[in-house]
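Only one structure is covered here, and it is reproduced in the block below.
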There are 2 protein chains.
Amino acid sequence: MTTPLIQMALDSLDFDTTLALAEQVAPHVDIFEIGTPCIKHNGVRIVQALRDRFPNHLILVDLKTMDAGEYEAAPFYAAGANICTVLGVAGSATIAGVVKATSIHSNAEVQVDLINVPDKIACAKESAALGVHIIGVHTGLDAQAAGQTPFTDLNTIADLGLNVKISVAGGIKPATARLVVDAGAEIVVVGAAIYSAESPAAAAREIRDTVSIAEV
Amino acid sequence: MTTPLIQMALDSLDFDTTLALAEQVAPHVDIFEIGTPCIKHNGVRIVQALRDRFPNHLILVDLKTMDAGEYEAAPFYAAGANICTVLGVAGSATIAGVVKATSIHSNAEVQVDLINVPDKIACAKESAALGVHIIGVHTGLDAQAAGQTPFTDLNTIADLGLNVKISVAGGIKPATARLVVDAGAEIVVVGAAIYSAESPAAAAREIRDTVSIAEV
């Protein structure tokens with residue numbers, strides 16, 4: 001079994017706060033996720049700033065691209081992003097456009113976000129066929145506030161046995177990180193459970209330990 | 001009949017090119033639209049720059065918000081945006097969040113983008129009930145490349161007679177601007193037909209003249 005990766009969702013809007021949080025948790029996470037509100041607020045320069053400071057971390061830009069896939073994503077890969085996200089609801093032409101944008105970069109991947117996709121199984125299969133590398137099972141913040149969780153969808157997608165990695169996001173805490181890994185997630189996304197903790201570094205380390213135990 | 005507004009889609013990624021194009025077409029357009037790739041690339045500072053230079057124009061930020069509606073949109077209204085967009089496929093909680101973000105600003109409006117919405121009639125009705133001000137009938141760039149146009153959807157939404165403005169985007173040219181106004185659009189979005197023209201200012205003026213003739 002592959003060692004699960006821990007992805008830290010950087011959801012602040014503030015440039016310096018984002019970099020400071022990344023610095024705190026860096027030893028305990030594998031992927032820095034620049035959240036959608038953060039990228040819209042700060043622009044591509046925050047990708048460049050993280051890339052400069054953290055040359056050995058993976059960087060995911062949560063673009064949630066809905067249209068103009070290649071045009072929108074290409075400059076983010078050029079700036080140092082390893083993974084850009086595209087919405088499953090965007091449809092195949094847009095998803096294919098983002099895949100095309102990765103073609104001139106090594107170590108560049110595309111993640112499809114299944115948020116609000118009506119037929120998640122069909123979308124996951126089509127995305128895999130289009131060359132997408134990661135399927136993101138994602139319960140959004142507004143849906144979490146309504147009590148939803150990503151666990152049912154995770155099982156559904158994992159059961160498909162597609163040749164893709166599965167990333168899971170949506171209110172994951174130390175108590176649930178192990179569950180999602182056991183259910184087939186290779187990337188565990190954590191946000192509030194780290195950045196709202198008294199010590200973000202300690203919380204990130206606890207998630208790492210939990211996931212490592214799950215590997216045994 | 002209300003005088004139709006002309007919205008110029010600023011689709012470049014480059015900060016200075018965007019401001020220069022806005023300067024060229026300013027006398028002939030009512031709304032500057034900061035395109036989705038442009039806002040993700042440049043961040044909120046491009047809203048502030050346009051607001052500073054063009055205090056009397058309306059500014060639309062094409063956020064295409066998919067989640068965390070209030071959190072994502074609020075700083076853009078604070079920076080001077082008059083209109084932010086939210087995706088119809090985002091669902092009611094996210095749409096309501098963007099509506100909530102307008103509450104502390106005068107002259108702040110929300111536009112729902114019907115791109116890829118399966119049931120556009122239901123979404124338009126629900127959006128109007130949630131307090132959305134503008135329904136955006138939108139054929140995306142990737143769908144335009146596949147030969148689609150916004151005209152059928154425009155007629156469908158206009159026939160509902162909702163108490164909202166209708167904005168139409170998707171490959172509109174001088175030859176079609178009049179058609180969309182006659183069909184009920186109060187906001188006509190033009191992008192490539194202006195910025196790809198030899199003289200963007202002349203092209204913008206031609207659109208303006210076409211729409212004005214349509215009013216007679």
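All residue names refer to the structure tokens as shown: chains lettered A, B, ... in order, residues numbered from 1 in each chain, ligands numbered from 1 in order.
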If you run DSSP on the backbone, which residues of chain A are alpha helix (DSSP H), as a PDB file with C-alpha atoms, in the first residue's frame?
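Here's the written file part-v1.pdb:
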ATOM      1  CA  PHE A  15      -0.982  36.250   1.815  1.00  0.00           C
ATOM      2  CA  ASP A  16       1.337  36.390   4.820  1.00  0.00           C
ATOM      3  CA  THR A  17      -0.933  34.334   7.082  1.00  0.00           C
ATOM      4  CA  THR A  18      -1.024  31.635   4.401  1.00  0.00           C
ATOM      5  CA  LEU A  19       2.757  31.482   4.150  1.00  0.00           C
ATOM      6  CA  ALA A  20       3.154  31.505   7.935  1.00  0.00           C
ATOM      7  CA  LEU A  21       0.726  28.602   8.359  1.00  0.00           C
ATOM      8  CA  ALA A  22       2.524  26.659   5.634  1.00  0.00           C
ATOM      9  CA  GLU A  23       5.799  27.216   7.481  1.00  0.00           C
ATOM     10  CA  GLN A  24       4.343  25.888  10.745  1.00  0.00           C
ATOM     11  CA  VAL A  25       2.973  22.652   9.335  1.00  0.00           C
ATOM     12  CA  THR A  36     -10.122  28.439  -4.013  1.00  0.00           C
ATOM     13  CA  PRO A  37     -10.887  31.675  -2.136  1.00  0.00           C
ATOM     14  CA  CYS A  38      -7.157  32.095  -1.440  1.00  0.00           C
ATOM     15  CA  ILE A  39      -6.111  31.746  -5.085  1.00  0.00           C
ATOM     16  CA  LYS A  40      -8.862  34.083  -6.309  1.00  0.00           C
ATOM     17  CA  HIS A  41      -7.826  36.610  -3.697  1.00  0.00           C
ATOM     18  CA  ASN A  42      -4.061  36.463  -4.160  1.00  0.00           C
ATOM     19  CA  ARG A  45       2.012  35.054  -7.080  1.00  0.00           C
ATOM     20  CA  ILE A  46       1.078  32.968  -4.031  1.00  0.00           C
ATOM     21  CA  VAL A  47       1.893  29.809  -6.001  1.00  0.00           C
ATOM     22  CA  GLN A  48       5.284  31.260  -6.867  1.00  0.00           C
ATOM     23  CA  ALA A  49       5.889  32.285  -3.241  1.00  0.00           C
ATOM     24  CA  LEU A  50       5.093  28.800  -1.909  1.00  0.00           C
ATOM     25  CA  ARG A  51       7.181  27.159  -4.632  1.00  0.00           C
ATOM     26  CA  ASP A  52      10.166  29.350  -3.755  1.00  0.00           C
ATOM     27  CA  ARG A  53       9.915  28.629  -0.036  1.00  0.00           C
ATOM     28  CA  GLY A  69      -9.551  24.490 -18.978  1.00  0.00           C
ATOM     29  CA  GLU A  70      -6.181  24.718 -20.682  1.00  0.00           C
ATOM     30  CA  TYR A  71      -6.095  28.528 -20.737  1.00  0.00           C
ATOM     31  CA  GLU A  72      -6.889  28.867 -17.065  1.00  0.00           C
ATOM     32  CA  ALA A  73      -4.669  26.102 -15.701  1.00  0.00           C
ATOM     33  CA  ALA A  74      -1.548  26.431 -17.867  1.00  0.00           C
ATOM     34  CA  PRO A  75      -0.008  29.448 -16.067  1.00  0.00           C
ATOM     35  CA  PHE A  76      -0.443  27.782 -12.680  1.00  0.00           C
ATOM     36  CA  TYR A  77       1.505  24.719 -13.753  1.00  0.00           C
ATOM     37  CA  ALA A  78       4.118  27.077 -15.206  1.00  0.00           C
ATOM     38  CA  SER A  92     -15.294  16.557 -20.573  1.00  0.00           C
ATOM     39  CA  ALA A  93     -13.992  19.342 -22.859  1.00  0.00           C
ATOM     40  CA  THR A  94     -12.864  21.448 -19.914  1.00  0.00           C
ATOM     41  CA  ILE A  95     -11.391  18.480 -18.050  1.00  0.00           C
ATOM     42  CA  ALA A  96      -9.490  17.455 -21.196  1.00  0.00           C
ATOM     43  CA  GLY A  97      -8.184  21.019 -21.483  1.00  0.00           C
ATOM     44  CA  VAL A  98      -6.623  20.883 -18.045  1.00  0.00           C
ATOM     45  CA  VAL A  99      -5.104  17.480 -18.820  1.00  0.00           C
ATOM     46  CA  LYS A 100      -3.607  19.033 -21.968  1.00  0.00           C
ATOM     47  CA  ALA A 101      -2.071  21.819 -19.878  1.00  0.00           C
ATOM     48  CA  LYS A 120     -20.264  10.610  -9.579  1.00  0.00           C
ATOM     49  CA  ILE A 121     -19.559   7.112 -10.910  1.00  0.00           C
ATOM     50  CA  ALA A 122     -19.913   8.176 -14.552  1.00  0.00           C
ATOM     51  CA  CYS A 123     -17.833  11.304 -13.959  1.00  0.00           C
ATOM     52  CA  ALA A 124     -15.052   9.367 -12.224  1.00  0.00           C
ATOM     53  CA  LYS A 125     -14.889   6.805 -15.034  1.00  0.00           C
ATOM     54  CA  GLU A 126     -14.891   9.470 -17.742  1.00  0.00           C
ATOM     55  CA  SER A 127     -12.243  11.502 -15.912  1.00  0.00           C
ATOM     56  CA  ALA A 128      -9.966   8.467 -15.651  1.00  0.00           C
ATOM     57  CA  ALA A 129     -10.442   7.835 -19.371  1.00  0.00           C
ATOM     58  CA  LEU A 130      -9.503  11.462 -20.118  1.00  0.00           C
ATOM     59  CA  LEU A 141     -17.949  23.819   3.213  1.00  0.00           C
ATOM     60  CA  ASP A 142     -21.551  24.841   2.520  1.00  0.00           C
ATOM     61  CA  ALA A 143     -22.605  21.169   2.354  1.00  0.00           C
ATOM     62  CA  GLN A 144     -20.665  20.368   5.544  1.00  0.00           C
ATOM     63  CA  ALA A 145     -22.594  23.133   7.266  1.00  0.00           C
ATOM     64  CA  PHE A 151     -17.659   8.955   3.414  1.00  0.00           C
ATOM     65  CA  THR A 152     -20.420   7.376   1.326  1.00  0.00           C
ATOM     66  CA  ASP A 153     -19.016   8.819  -1.894  1.00  0.00           C
ATOM     67  CA  LEU A 154     -15.538   7.622  -0.961  1.00  0.00           C
ATOM     68  CA  ASN A 155     -16.683   4.030  -0.734  1.00  0.00           C
ATOM     69  CA  THR A 156     -18.557   4.308  -4.025  1.00  0.00           C
ATOM     70  CA  ILE A 157     -15.535   5.647  -5.903  1.00  0.00           C
ATOM     71  CA  ALA A 158     -13.017   3.319  -4.244  1.00  0.00           C
ATOM     72  CA  PRO A 174      -7.699  13.000  13.446  1.00  0.00           C
ATOM     73  CA  ALA A 175     -10.563  10.674  14.422  1.00  0.00           C
ATOM     74  CA  THR A 176     -11.666  10.207  10.794  1.00  0.00           C
ATOM     75  CA  ALA A 177      -8.348  10.398   8.904  1.00  0.00           C
ATOM     76  CA  ARG A 178      -7.666   6.750   9.554  1.00  0.00           C
ATOM     77  CA  LEU A 179     -11.108   5.749   8.352  1.00  0.00           C
ATOM     78  CA  VAL A 180     -10.695   7.420   4.987  1.00  0.00           C
ATOM     79  CA  VAL A 181      -7.288   5.847   4.449  1.00  0.00           C
ATOM     80  CA  ASP A 182      -8.644   2.418   5.315  1.00  0.00           C
ATOM     81  CA  ALA A 192      -9.928  23.388   9.890  1.00  0.00           C
ATOM     82  CA  ALA A 193      -8.757  20.495  12.080  1.00  0.00           C
ATOM     83  CA  ILE A 194      -5.234  21.849  11.615  1.00  0.00           C
ATOM     84  CA  TYR A 195      -5.579  25.601  11.160  1.00  0.00           C
ATOM     85  CA  PRO A 200      -1.432  23.703  13.973  1.00  0.00           C
ATOM     86  CA  ALA A 201       1.915  21.905  13.909  1.00  0.00           C
ATOM     87  CA  ALA A 202       0.870  19.496  16.668  1.00  0.00           C
ATOM     88  CA  ALA A 203      -2.467  18.880  14.955  1.00  0.00           C
ATOM     89  CA  ALA A 204      -0.760  18.172  11.624  1.00  0.00           C
ATOM     90  CA  ARG A 205       1.599  15.764  13.360  1.00  0.00           C
ATOM     91  CA  GLU A 206      -1.325  13.997  15.003  1.00  0.00           C
ATOM     92  CA  ILE A 207      -2.975  13.495  11.597  1.00  0.00           C
ATOM     93  CA  ARG A 208       0.321  12.143  10.243  1.00  0.00           C
ATOM     94  CA  ASP A 209       0.663   9.706  13.148  1.00  0.00           C
ATOM     95  CA  THR A 210      -2.941   8.567  12.775  1.00  0.00           C
ATOM     96  CA  VAL A 211      -2.484   7.872   9.089  1.00  0.00           C
ATOM     97  CA  SER A 212       0.802   6.075   9.654  1.00  0.00           C
ATOM     98  CA  ILE A 213      -0.805   3.768  12.216  1.00  0.00           C
ATOM     99  CA  ALA A 214      -3.446   3.008   9.628  1.00  0.00           C
ATOM    100  CA  GLU A 215      -0.794   1.658   7.266  1.00  0.00           C
TER     101      GLU A 215
END
Residue contacts of Gly140 of chain A (12 Å, only C-alpha atoms) excluding same-chain residues fewer than 2 positions away, as a CSV table (one decimal) with N, CA and C atoms, in the first residue's frame:
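Result went into result_20.csv, see below:
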chain,number,residue,atom,x,y,z
A,35,GLY,N,-6.3,27.1,-1.3
A,35,GLY,CA,-7.8,27.0,-1.4
A,35,GLY,C,-8.3,27.9,-2.5
A,36,THR,N,-9.5,27.7,-2.9
A,36,THR,CA,-10.1,28.4,-4.0
A,36,THR,C,-10.3,29.9,-3.6
A,64,LYS,N,-10.7,24.8,-9.1
A,64,LYS,CA,-12.1,24.5,-9.4
A,64,LYS,C,-12.5,25.0,-10.8
A,113,ASP,N,-12.7,17.4,-9.2
A,113,ASP,CA,-13.5,17.6,-8.0
A,113,ASP,C,-14.9,17.1,-8.2
A,114,LEU,N,-15.4,16.1,-7.5
A,114,LEU,CA,-16.7,15.6,-7.7
A,114,LEU,C,-17.8,16.4,-7.0
A,115,ILE,N,-17.5,17.5,-6.4
A,115,ILE,CA,-18.4,18.3,-5.7
A,115,ILE,C,-19.7,18.6,-6.6
A,116,ASN,N,-20.8,18.3,-6.0
A,116,ASN,CA,-22.1,18.5,-6.7
A,116,ASN,C,-22.3,17.8,-8.0
A,117,VAL,N,-21.5,16.8,-8.3
A,117,VAL,CA,-21.7,16.0,-9.6
A,117,VAL,C,-22.8,15.1,-9.3
A,136,GLY,N,-11.1,13.7,-6.7
A,136,GLY,CA,-11.3,14.3,-5.4
A,136,GLY,C,-12.7,14.1,-5.0
A,137,VAL,N,-12.9,13.3,-3.9
A,137,VAL,CA,-14.2,13.2,-3.3
A,137,VAL,C,-14.3,14.3,-2.2
A,138,HIS,N,-15.3,15.1,-2.5
A,138,HIS,CA,-15.3,16.4,-1.8
A,138,HIS,C,-16.6,16.9,-1.3
A,142,ASP,N,-20.1,24.5,2.4
A,142,ASP,CA,-21.6,24.8,2.5
A,142,ASP,C,-22.4,23.6,2.8
A,143,ALA,N,-21.9,22.4,2.1
A,143,ALA,CA,-22.6,21.2,2.4
A,143,ALA,C,-22.3,20.6,3.7
A,144,GLN,N,-21.0,20.8,4.2
A,144,GLN,CA,-20.7,20.4,5.5
A,144,GLN,C,-21.5,21.1,6.6
A,145,ALA,N,-21.8,22.4,6.3
A,145,ALA,CA,-22.6,23.1,7.3
A,145,ALA,C,-24.0,22.6,7.3
A,146,ALA,N,-24.4,21.9,6.3
A,146,ALA,CA,-25.7,21.2,6.2
A,146,ALA,C,-25.7,19.8,6.7
A,147,GLY,N,-24.5,19.4,7.3
A,147,GLY,CA,-24.4,18.1,7.9
A,147,GLY,C,-23.9,16.9,7.0
A,148,GLN,N,-23.4,17.2,5.8
A,148,GLN,CA,-23.0,16.2,4.9
A,148,GLN,C,-21.5,15.8,5.1
A,149,THR,N,-21.2,14.6,4.8
A,149,THR,CA,-19.8,14.1,4.9
A,149,THR,C,-19.4,13.4,3.6
A,150,PRO,N,-18.1,13.2,3.3
A,150,PRO,CA,-17.7,12.5,2.1
A,150,PRO,C,-17.6,11.0,2.1
A,168,VAL,N,-9.6,12.7,-0.5
A,168,VAL,CA,-10.8,13.0,0.2
A,168,VAL,C,-10.7,14.2,1.0
A,169,ALA,N,-11.8,15.1,0.9
A,169,ALA,CA,-11.8,16.3,1.6
A,169,ALA,C,-13.2,16.6,2.2
A,170,GLY,N,-13.3,17.2,3.3
A,170,GLY,CA,-14.6,17.6,3.8
A,170,GLY,C,-14.7,17.3,5.3
A,171,GLY,N,-14.1,18.2,6.1
A,171,GLY,CA,-14.3,18.1,7.6
A,171,GLY,C,-13.5,16.9,8.2
A,172,ILE,N,-12.4,16.5,7.6
A,172,ILE,CA,-11.6,15.4,8.1
A,172,ILE,C,-10.8,15.8,9.4
A,191,GLY,N,-8.1,20.6,6.8
A,191,GLY,CA,-8.1,22.1,6.8
A,191,GLY,C,-8.3,22.6,8.2
B,65,THR,N,-18.2,31.3,-8.3
B,65,THR,CA,-18.1,30.6,-7.0
B,65,THR,C,-18.9,29.3,-6.9
B,66,MET,N,-18.2,28.3,-6.4
B,66,MET,CA,-18.8,26.9,-6.3
B,66,MET,C,-19.0,26.5,-4.9
B,67,ASP,N,-18.4,27.2,-3.9
B,67,ASP,CA,-18.5,26.8,-2.5
B,67,ASP,C,-18.1,28.0,-1.7
B,68,ALA,N,-18.5,28.0,-0.4
B,68,ALA,CA,-18.1,29.0,0.5
B,68,ALA,C,-18.5,30.4,0.0
B,69,GLY,N,-19.7,30.5,-0.4
B,69,GLY,CA,-20.2,31.7,-1.1
B,69,GLY,C,-19.9,33.0,-0.4
B,90,ALA,N,-23.6,25.3,-8.1
B,90,ALA,CA,-23.2,25.3,-6.7
B,90,ALA,C,-24.3,25.0,-5.7
B,91,GLY,N,-25.5,25.3,-6.1
B,91,GLY,CA,-26.6,25.0,-5.2
B,91,GLY,C,-27.0,26.1,-4.3
B,93,ALA,N,-27.3,26.9,-1.0
B,93,ALA,CA,-26.6,27.4,0.2
B,93,ALA,C,-25.5,28.3,-0.3
B,94,THR,N,-24.8,28.0,-1.3
B,94,THR,CA,-23.7,28.8,-1.8
B,94,THR,C,-24.2,30.1,-2.4
Extract, using only C-alpha atoms, all DNA, RNA and protein residues at most 6 Å from segment 82-87 of chain A, discarding same-chain residues fewer than 4 positions from it, and format them as a compact mmCIF listing (two decimals) with C-alpha atoms, in the first residue's frame.
# COMPACT_ATOMS: atom_id res chain seq x y z
CA LEU A 58 3.79 19.30 -3.66
CA ILE A 59 1.52 22.25 -4.41
CA LEU A 60 -2.14 21.85 -5.33
CA VAL A 61 -4.02 24.87 -6.65
CA ASP A 62 -7.73 24.42 -6.04
CA LEU A 63 -8.76 26.30 -9.18
CA LYS A 64 -12.12 24.49 -9.45
CA THR A 65 -11.95 25.28 -13.15
CA MET A 66 -15.38 25.42 -14.83
CA ALA A 108 2.06 17.76 -13.21
CA GLU A 109 -1.29 16.17 -12.40
CA VAL A 110 -4.99 16.94 -12.70
CA GLN A 111 -7.57 16.38 -9.99
CA VAL A 112 -11.28 16.26 -10.77
CA ASP A 113 -13.47 17.55 -7.96
(message) as an NGL selection string, please: every residue in chain B that DSSP puts in strand (DSSP E or B).
(response) :B and (5-10 or 31-34 or 58-65 or 83-87 or 109-113 or 134-138 or 165-169 or 187-190)
Would you save the residues of that selection, restricted to C-alpha atoms, as a short mmCIF file (atom, residue, chain, number, x, y, z; two decimals), in the first residue's frame?
data_model
loop_
_atom_site.label_atom_id
_atom_site.label_comp_id
_atom_site.auth_asym_id
_atom_site.auth_seq_id
_atom_site.Cartn_x
_atom_site.Cartn_y
_atom_site.Cartn_z
CA LEU B 5 -25.91 47.52 -20.78
CA ILE B 6 -22.79 46.47 -22.63
CA GLN B 7 -20.43 44.28 -20.63
CA MET B 8 -16.84 43.91 -21.78
CA ALA B 9 -15.24 40.59 -20.85
CA LEU B 10 -11.61 41.18 -19.91
CA ILE B 31 -19.63 47.02 -17.20
CA PHE B 32 -16.09 45.72 -17.00
CA GLU B 33 -16.07 41.98 -16.45
CA ILE B 34 -12.92 40.58 -14.91
CA LEU B 58 -19.75 48.91 -13.05
CA ILE B 59 -17.35 46.07 -12.28
CA LEU B 60 -18.34 42.41 -12.48
CA VAL B 61 -15.98 39.82 -11.05
CA ASP B 62 -16.61 36.47 -12.71
CA LEU B 63 -15.75 34.46 -9.61
CA LYS B 64 -17.89 31.47 -10.69
CA THR B 65 -18.09 30.63 -7.00
CA ILE B 83 -21.50 42.21 -9.29
CA CYS B 84 -20.00 38.82 -8.41
CA THR B 85 -21.00 35.61 -10.14
CA VAL B 86 -21.87 32.30 -8.52
CA LEU B 87 -22.40 29.03 -10.35
CA GLU B 109 -25.59 42.51 -6.97
CA VAL B 110 -25.30 38.77 -7.51
CA GLN B 111 -25.36 37.03 -10.85
CA VAL B 112 -26.05 33.31 -11.15
CA ASP B 113 -24.28 31.65 -14.06
CA ILE B 134 -29.11 38.81 -12.51
CA ILE B 135 -29.46 35.48 -14.33
CA GLY B 136 -26.52 34.83 -16.60
CA VAL B 137 -27.30 32.75 -19.65
CA HIS B 138 -23.87 31.55 -20.57
CA LYS B 165 -32.17 41.07 -15.16
CA ILE B 166 -30.94 38.70 -17.84
CA SER B 167 -27.35 38.74 -19.00
CA VAL B 168 -26.23 36.82 -22.06
CA ALA B 169 -22.71 35.65 -22.85
CA ILE B 187 -26.94 42.94 -20.30
CA VAL B 188 -25.01 41.92 -23.41
CA VAL B 189 -21.58 40.43 -22.77
CA VAL B 190 -18.99 40.79 -25.49
#
